[in-house]
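As provided, target_37.pdb (PDB, C-alpha atoms) reads as follows.
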```pdb
ATOM      1  CA  MET A   1     -21.552 -54.036  -5.162  1.00  0.00           C
ATOM      2  CA  SER A   2     -23.304 -50.681  -5.168  1.00  0.00           C
ATOM      3  CA  VAL A   3     -23.595 -48.768  -8.402  1.00  0.00           C
ATOM      4  CA  PRO A   4     -21.287 -45.720  -8.448  1.00  0.00           C
ATOM      5  CA  LEU A   5     -22.745 -42.264  -9.006  1.00  0.00           C
ATOM      6  CA  LYS A   6     -20.721 -41.924 -12.212  1.00  0.00           C
ATOM      7  CA  ILE A   7     -20.091 -45.151 -14.137  1.00  0.00           C
ATOM      8  CA  ARG A   8     -16.663 -45.032 -15.801  1.00  0.00           C
ATOM      9  CA  LEU A   9     -16.571 -46.794 -19.170  1.00  0.00           C
ATOM     10  CA  LEU A  10     -14.062 -48.185 -21.638  1.00  0.00           C
ATOM     11  CA  LEU A  11     -15.356 -48.183 -25.212  1.00  0.00           C
ATOM     12  CA  ALA A  12     -13.630 -50.522 -27.684  1.00  0.00           C
ATOM     13  CA  ASP A  13     -14.491 -50.592 -31.382  1.00  0.00           C
ATOM     14  CA  ASP A  14     -12.215 -50.598 -34.417  1.00  0.00           C
ATOM     15  CA  HIS A  15     -14.252 -47.935 -36.224  1.00  0.00           C
ATOM     16  CA  LEU A  16     -13.583 -44.386 -35.029  1.00  0.00           C
ATOM     17  CA  LEU A  17     -16.926 -43.093 -36.295  1.00  0.00           C
ATOM     18  CA  VAL A  18     -18.805 -45.790 -34.344  1.00  0.00           C
ATOM     19  CA  ARG A  19     -16.816 -44.988 -31.185  1.00  0.00           C
ATOM     20  CA  GLN A  20     -17.575 -41.292 -31.548  1.00  0.00           C
ATOM     21  CA  GLY A  21     -21.297 -41.950 -31.965  1.00  0.00           C
ATOM     22  CA  LEU A  22     -21.430 -44.359 -29.038  1.00  0.00           C
ATOM     23  CA  ARG A  23     -19.445 -41.939 -26.885  1.00  0.00           C
ATOM     24  CA  MET A  24     -22.066 -39.253 -27.593  1.00  0.00           C
ATOM     25  CA  VAL A  25     -24.907 -41.631 -26.687  1.00  0.00           C
ATOM     26  CA  LEU A  26     -23.229 -42.780 -23.471  1.00  0.00           C
ATOM     27  CA  ASN A  27     -21.963 -39.380 -22.317  1.00  0.00           C
ATOM     28  CA  ALA A  28     -25.448 -37.913 -22.822  1.00  0.00           C
ATOM     29  CA  ALA A  29     -26.573 -39.948 -19.811  1.00  0.00           C
ATOM     30  CA  PRO A  30     -25.768 -38.055 -16.598  1.00  0.00           C
ATOM     31  CA  ASP A  31     -24.540 -41.159 -14.758  1.00  0.00           C
ATOM     32  CA  LEU A  32     -22.218 -42.452 -17.515  1.00  0.00           C
ATOM     33  CA  GLU A  33     -18.785 -41.273 -18.618  1.00  0.00           C
ATOM     34  CA  VAL A  34     -16.586 -42.748 -21.351  1.00  0.00           C
ATOM     35  CA  CYS A  35     -13.118 -42.406 -19.812  1.00  0.00           C
ATOM     36  CA  ALA A  36     -11.112 -44.560 -22.201  1.00  0.00           C
ATOM     37  CA  GLU A  37     -11.265 -45.840 -25.767  1.00  0.00           C
ATOM     38  CA  ALA A  38      -9.551 -48.624 -27.673  1.00  0.00           C
ATOM     39  CA  SER A  39      -9.433 -49.499 -31.358  1.00  0.00           C
ATOM     40  CA  ASP A  40      -8.787 -53.232 -30.937  1.00  0.00           C
ATOM     41  CA  GLY A  41      -9.112 -55.981 -28.363  1.00  0.00           C
ATOM     42  CA  ALA A  42      -5.468 -55.993 -27.290  1.00  0.00           C
ATOM     43  CA  GLU A  43      -5.544 -52.254 -26.639  1.00  0.00           C
ATOM     44  CA  ALA A  44      -8.798 -52.698 -24.690  1.00  0.00           C
ATOM     45  CA  VAL A  45      -7.175 -55.305 -22.419  1.00  0.00           C
ATOM     46  CA  GLU A  46      -4.092 -53.123 -21.868  1.00  0.00           C
ATOM     47  CA  THR A  47      -6.232 -50.091 -21.071  1.00  0.00           C
ATOM     48  CA  ALA A  48      -8.569 -51.962 -18.714  1.00  0.00           C
ATOM     49  CA  LEU A  49      -5.643 -53.486 -16.828  1.00  0.00           C
ATOM     50  CA  ARG A  50      -3.893 -50.127 -16.555  1.00  0.00           C
ATOM     51  CA  ASP A  51      -6.925 -48.095 -15.407  1.00  0.00           C
ATOM     52  CA  GLU A  52      -8.359 -49.779 -12.334  1.00  0.00           C
ATOM     53  CA  HIS A  53     -10.988 -47.051 -11.913  1.00  0.00           C
ATOM     54  CA  LEU A  54     -12.987 -48.311 -14.899  1.00  0.00           C
ATOM     55  CA  HIS A  55     -16.271 -49.985 -13.983  1.00  0.00           C
ATOM     56  CA  LEU A  56     -17.378 -51.441 -17.313  1.00  0.00           C
ATOM     57  CA  ALA A  57     -15.996 -52.223 -20.767  1.00  0.00           C
ATOM     58  CA  VAL A  58     -18.118 -52.136 -23.916  1.00  0.00           C
ATOM     59  CA  LEU A  59     -16.364 -54.381 -26.449  1.00  0.00           C
ATOM     60  CA  ASP A  60     -17.131 -54.831 -30.134  1.00  0.00           C
ATOM     61  CA  VAL A  61     -17.249 -58.546 -30.997  1.00  0.00           C
ATOM     62  CA  ALA A  62     -15.137 -58.250 -34.153  1.00  0.00           C
ATOM     63  CA  MET A  63     -11.925 -56.228 -33.833  1.00  0.00           C
ATOM     64  CA  PRO A  64      -8.392 -56.676 -35.176  1.00  0.00           C
ATOM     65  CA  ARG A  65      -5.399 -58.108 -33.246  1.00  0.00           C
ATOM     66  CA  MET A  66      -7.703 -59.560 -30.571  1.00  0.00           C
ATOM     67  CA  THR A  67     -11.456 -59.925 -30.921  1.00  0.00           C
ATOM     68  CA  GLY A  68     -13.828 -58.529 -28.350  1.00  0.00           C
ATOM     69  CA  LEU A  69     -14.673 -62.098 -27.360  1.00  0.00           C
ATOM     70  CA  GLN A  70     -11.005 -62.880 -26.697  1.00  0.00           C
ATOM     71  CA  ALA A  71     -10.580 -59.608 -24.816  1.00  0.00           C
ATOM     72  CA  ALA A  72     -13.667 -60.344 -22.701  1.00  0.00           C
ATOM     73  CA  ALA A  73     -12.360 -63.794 -21.786  1.00  0.00           C
ATOM     74  CA  GLU A  74      -8.980 -62.376 -20.768  1.00  0.00           C
ATOM     75  CA  LEU A  75     -10.492 -59.508 -18.797  1.00  0.00           C
ATOM     76  CA  SER A  76     -12.871 -61.909 -17.027  1.00  0.00           C
ATOM     77  CA  GLN A  77      -9.852 -63.803 -15.753  1.00  0.00           C
ATOM     78  CA  ARG A  78      -7.509 -60.914 -15.039  1.00  0.00           C
ATOM     79  CA  ARG A  79     -10.048 -58.337 -13.812  1.00  0.00           C
ATOM     80  CA  PRO A  80     -13.180 -60.192 -12.715  1.00  0.00           C
ATOM     81  CA  GLU A  81     -14.734 -57.142 -11.033  1.00  0.00           C
ATOM     82  CA  LEU A  82     -14.875 -55.293 -14.374  1.00  0.00           C
ATOM     83  CA  LYS A  83     -18.307 -55.621 -15.957  1.00  0.00           C
ATOM     84  CA  LEU A  84     -18.371 -56.492 -19.656  1.00  0.00           C
ATOM     85  CA  LEU A  85     -20.865 -55.780 -22.425  1.00  0.00           C
ATOM     86  CA  MET A  86     -20.547 -57.031 -25.971  1.00  0.00           C
ATOM     87  CA  LEU A  87     -21.539 -54.869 -28.902  1.00  0.00           C
ATOM     88  CA  SER A  88     -22.092 -56.405 -32.306  1.00  0.00           C
ATOM     89  CA  MET A  89     -23.597 -55.949 -35.713  1.00  0.00           C
ATOM     90  CA  HIS A  90     -24.131 -59.745 -35.773  1.00  0.00           C
ATOM     91  CA  ASP A  91     -27.488 -61.083 -34.644  1.00  0.00           C
ATOM     92  CA  SER A  92     -25.884 -64.485 -34.190  1.00  0.00           C
ATOM     93  CA  GLU A  93     -26.597 -67.142 -31.580  1.00  0.00           C
ATOM     94  CA  GLN A  94     -22.999 -68.343 -31.849  1.00  0.00           C
ATOM     95  CA  TYR A  95     -21.572 -64.925 -30.943  1.00  0.00           C
ATOM     96  CA  LEU A  96     -24.182 -64.502 -28.215  1.00  0.00           C
ATOM     97  CA  PHE A  97     -23.279 -67.801 -26.536  1.00  0.00           C
ATOM     98  CA  GLU A  98     -19.536 -67.147 -26.914  1.00  0.00           C
ATOM     99  CA  ALA A  99     -19.980 -63.706 -25.337  1.00  0.00           C
ATOM    100  CA  LEU A 100     -21.828 -65.146 -22.349  1.00  0.00           C
ATOM    101  CA  ARG A 101     -19.194 -67.893 -21.942  1.00  0.00           C
ATOM    102  CA  ALA A 102     -16.480 -65.211 -22.057  1.00  0.00           C
ATOM    103  CA  GLY A 103     -18.069 -63.444 -19.088  1.00  0.00           C
ATOM    104  CA  ALA A 104     -20.151 -60.710 -20.705  1.00  0.00           C
ATOM    105  CA  SER A 105     -23.176 -59.432 -18.795  1.00  0.00           C
ATOM    106  CA  GLY A 106     -24.997 -58.542 -21.962  1.00  0.00           C
ATOM    107  CA  TYR A 107     -25.089 -58.429 -25.734  1.00  0.00           C
ATOM    108  CA  VAL A 108     -26.237 -55.309 -27.575  1.00  0.00           C
ATOM    109  CA  LEU A 109     -26.801 -55.052 -31.312  1.00  0.00           C
ATOM    110  CA  LYS A 110     -25.280 -51.996 -32.978  1.00  0.00           C
ATOM    111  CA  THR A 111     -28.528 -51.471 -34.861  1.00  0.00           C
ATOM    112  CA  ALA A 112     -30.243 -50.776 -31.525  1.00  0.00           C
ATOM    113  CA  ALA A 113     -27.307 -49.303 -29.581  1.00  0.00           C
ATOM    114  CA  ASP A 114     -28.805 -45.806 -29.514  1.00  0.00           C
ATOM    115  CA  ARG A 115     -31.856 -47.273 -27.789  1.00  0.00           C
ATOM    116  CA  ASP A 116     -30.410 -50.139 -25.716  1.00  0.00           C
ATOM    117  CA  LEU A 117     -26.806 -49.381 -24.784  1.00  0.00           C
ATOM    118  CA  VAL A 118     -27.427 -46.999 -21.865  1.00  0.00           C
ATOM    119  CA  GLU A 119     -29.923 -49.394 -20.277  1.00  0.00           C
ATOM    120  CA  ALA A 120     -27.567 -52.327 -20.894  1.00  0.00           C
ATOM    121  CA  VAL A 121     -24.762 -50.509 -19.047  1.00  0.00           C
ATOM    122  CA  ARG A 122     -27.031 -49.731 -16.110  1.00  0.00           C
ATOM    123  CA  ALA A 123     -28.342 -53.310 -15.992  1.00  0.00           C
ATOM    124  CA  ALA A 124     -24.802 -54.746 -16.037  1.00  0.00           C
ATOM    125  CA  MET A 125     -23.783 -52.450 -13.189  1.00  0.00           C
ATOM    126  CA  ARG A 126     -26.782 -53.680 -11.162  1.00  0.00           C
ATOM    127  CA  GLY A 127     -25.589 -57.237 -11.783  1.00  0.00           C
ATOM    128  CA  GLU A 128     -28.425 -57.998 -14.191  1.00  0.00           C
ATOM    129  CA  PRO A 129     -28.083 -59.490 -17.675  1.00  0.00           C
ATOM    130  CA  PHE A 130     -29.116 -57.547 -20.759  1.00  0.00           C
ATOM    131  CA  LEU A 131     -30.104 -59.287 -23.970  1.00  0.00           C
ATOM    132  CA  TYR A 132     -31.991 -58.083 -27.003  1.00  0.00           C
ATOM    133  CA  PRO A 133     -35.383 -59.836 -27.499  1.00  0.00           C
ATOM    134  CA  ALA A 134     -34.217 -62.321 -30.175  1.00  0.00           C
ATOM    135  CA  ALA A 135     -31.328 -63.341 -27.898  1.00  0.00           C
ATOM    136  CA  VAL A 136     -33.754 -64.235 -25.122  1.00  0.00           C
ATOM    137  CA  THR A 137     -35.655 -66.399 -27.613  1.00  0.00           C
ATOM    138  CA  ALA A 138     -32.392 -68.102 -28.634  1.00  0.00           C
ATOM    139  CA  LEU A 139     -31.488 -68.816 -25.010  1.00  0.00           C
ATOM    140  CA  ILE A 140     -34.895 -70.309 -24.289  1.00  0.00           C
ATOM    141  CA  ARG A 141     -34.735 -72.446 -27.441  1.00  0.00           C
ATOM    142  CA  ASP A 142     -31.242 -73.662 -26.476  1.00  0.00           C
ATOM    143  CA  TYR A 143     -32.367 -74.465 -22.932  1.00  0.00           C
ATOM    144  CA  LEU A 144     -35.377 -76.433 -24.151  1.00  0.00           C
ATOM    145  CA  ALA A 145     -33.255 -78.340 -26.667  1.00  0.00           C
ATOM    146  CA  ARG A 146     -30.829 -79.317 -23.904  1.00  0.00           C
ATOM    147  CA  LYS A 147     -33.696 -80.328 -21.633  1.00  0.00           C
ATOM    148  CA  GLU A 148     -35.088 -82.649 -24.319  1.00  0.00           C
ATOM    149  CA  THR A 149     -31.700 -84.309 -24.788  1.00  0.00           C
ATOM    150  CA  PRO A 150     -31.702 -87.656 -23.015  1.00  0.00           C
ATOM    151  CA  ALA A 151     -29.448 -87.998 -19.972  1.00  0.00           C
ATOM    152  CA  ASP A 152     -27.527 -90.798 -21.683  1.00  0.00           C
ATOM    153  CA  PRO A 153     -26.389 -89.810 -25.170  1.00  0.00           C
ATOM    154  CA  LEU A 154     -26.257 -93.464 -26.258  1.00  0.00           C
ATOM    155  CA  SER A 155     -29.353 -95.255 -27.513  1.00  0.00           C
ATOM    156  CA  PRO A 156     -30.405 -98.522 -25.852  1.00  0.00           C
ATOM    157  CA  ARG A 157     -28.982-100.491 -28.810  1.00  0.00           C
ATOM    158  CA  GLU A 158     -25.656 -98.591 -28.600  1.00  0.00           C
ATOM    159  CA  LEU A 159     -25.488 -99.397 -24.900  1.00  0.00           C
ATOM    160  CA  ALA A 160     -26.104-103.091 -25.641  1.00  0.00           C
ATOM    161  CA  VAL A 161     -23.316-103.130 -28.262  1.00  0.00           C
ATOM    162  CA  LEU A 162     -20.978-101.296 -25.886  1.00  0.00           C
ATOM    163  CA  LYS A 163     -21.721-103.879 -23.182  1.00  0.00           C
ATOM    164  CA  LEU A 164     -20.915-106.731 -25.607  1.00  0.00           C
ATOM    165  CA  ILE A 165     -17.646-105.047 -26.609  1.00  0.00           C
ATOM    166  CA  ALA A 166     -16.732-104.631 -22.938  1.00  0.00           C
ATOM    167  CA  GLU A 167     -17.371-108.356 -22.479  1.00  0.00           C
ATOM    168  CA  ALA A 168     -14.826-109.076 -25.269  1.00  0.00           C
ATOM    169  CA  TYR A 169     -17.326-110.121 -27.940  1.00  0.00           C
ATOM    170  CA  THR A 170     -16.340-109.371 -31.528  1.00  0.00           C
ATOM    171  CA  SER A 171     -18.569-108.295 -34.370  1.00  0.00           C
TER     172      SER A 171
END
```
Mind converting the file's structure to structure tokens?
Amino acid sequence: MSVPLKIRLLLADDHLLVRQGLRMVLNAAPDLEVCAEASDGAEAVETALRDEHLHLAVLDVAMPRMTGLQAAAELSQRRPELKLLMLSMHDSEQYLFEALRAGASGYVLKTAADRDLVEAVRAAMRGEPFLYPAAVTALIRDYLARKETPADPLSPRELAVLKLIAEAYTS
């Protein structure tokens, strides 16, 4: 998919002041335009399904009625061509992994949104992931931990006991 000349955005956050600030940051970029806003996850889903000209949704992780994570999961299923970015005040591995599982292309911390959000939108539209530096570290740590996990989760002794049970031996 080629990147459009003007990227049309949906901005969803339950705090009006945050939305206004993010709108200013995003609209200051010549290739970005916030075309729709939502104050909760359910409204974000309704808006994204109604306006098929939107290219990307920026969703706050924690919103009322439906969280941004729930909204991202639903939008991934119902509108897979819509790019998704998660915005959060939580520097949490759990939220990061849930966001990626829900279909988000990136995870941006609110504390760095003025610096990172525009680049995150552009990266998502190019089909590239965007993660803040600590998130990359968390992903690498998780990958290495999984790699060190043995292929068989049972120890040799547990396998021997399981074999004896299967052969009808009792304790």
Residue nearest Met89 (chain A) among A:Glu43, A:Asp142, A:Glu119, A:Asp60 (counting only C-alpha atoms): A:Asp60
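For the pair CA of Leu59 (chain A) and CA of Tyr143 (chain A), the separation is 25.9 Å.
The shortest atom-to-atom distance to Glu33 (chain A), with only C-alpha atoms taken into account, belongs to A:Leu54 out of A:Met66, A:Leu54, A:Leu87, A:Leu16.
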Long-range neighbours of Ala29 (chain A) as a PyMOL selection string, 12 Å cut-off, only C-alpha atoms, 3 positions minimum in chain: chain A and resi 5-8+22-26+32-34+114+117-119+121-122
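Comparing A:Ala134, A:Arg126, A:Ala38, A:Glu98 by their smallest distance to Ala73 (chain A), the closest is A:Glu98 (using only C-alpha atoms).
As for CA of Thr170 (chain A) and CA of Pro156 (chain A), they are spaced 18.6 Å apart.
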Give me the residues within 9 Å of Leu49 (chain A) as a list in words, counting all atoms listed in the file and dropping any in the same chain fewer than 5 places off. Ala44, Leu75, Arg78 and Arg79 of chain A
Mind giving me the straight-line distance from CA of Arg50 (chain A) to CA of Gly68 (chain A) in Å, one decimal? 17.6 Å
Which residues are close to Gly127 (chain A), i.e. within 9 Å by only C-alpha atoms, leaving aside same-chain residues fewer than 2 positions away? Reply as a list in words. Met1, Lys83, Ser105, Arg122, Ala123, Ala124, Met125 and Pro129 of chain A
As lines of an AutoDock Vina configuration file, what would the box around region 29-35 of chain A look like: edges along x, y and z, 4 Å added on every side, centre and edge lengths in Å to one decimal?
```
center_x = -19.8
center_y = -40.4
center_z = -18.1
size_x = 21.5
size_y = 12.7
size_z = 14.6
```
Close residues, Ala102 (chain A) itself excluded, 9 Å, all atoms listed in the file, min 4 positions apart in chain, as a PyMOL selection string: chain A and resi 69-76+97-98
For this structure, which residues satisfy the selection - the PyMOL selection byres ((chain A and resi 15) around 12) - when it is evaluated on the file as given? I want them as a ChimeraX atom specification. /A:11-14,16-22,37-40,59-60,62-64
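Proximity of A:Ala112, A:Leu9, A:Met86, A:Leu131 to Ala99 (chain A), computed with all atoms listed in the file, is greatest for A:Met86.
Distances here use all atoms listed in the file; by that measure, the residue among A:Ala160, A:Val3, A:Leu154, A:Leu109 closest to Ala135 (chain A) is A:Leu109.
You can rank A:Ala42, A:Thr137, A:Glu158, A:His55 by their closest distance to Ser2 (chain A) using all atoms listed in the file, and at the top of that list sits A:His55.
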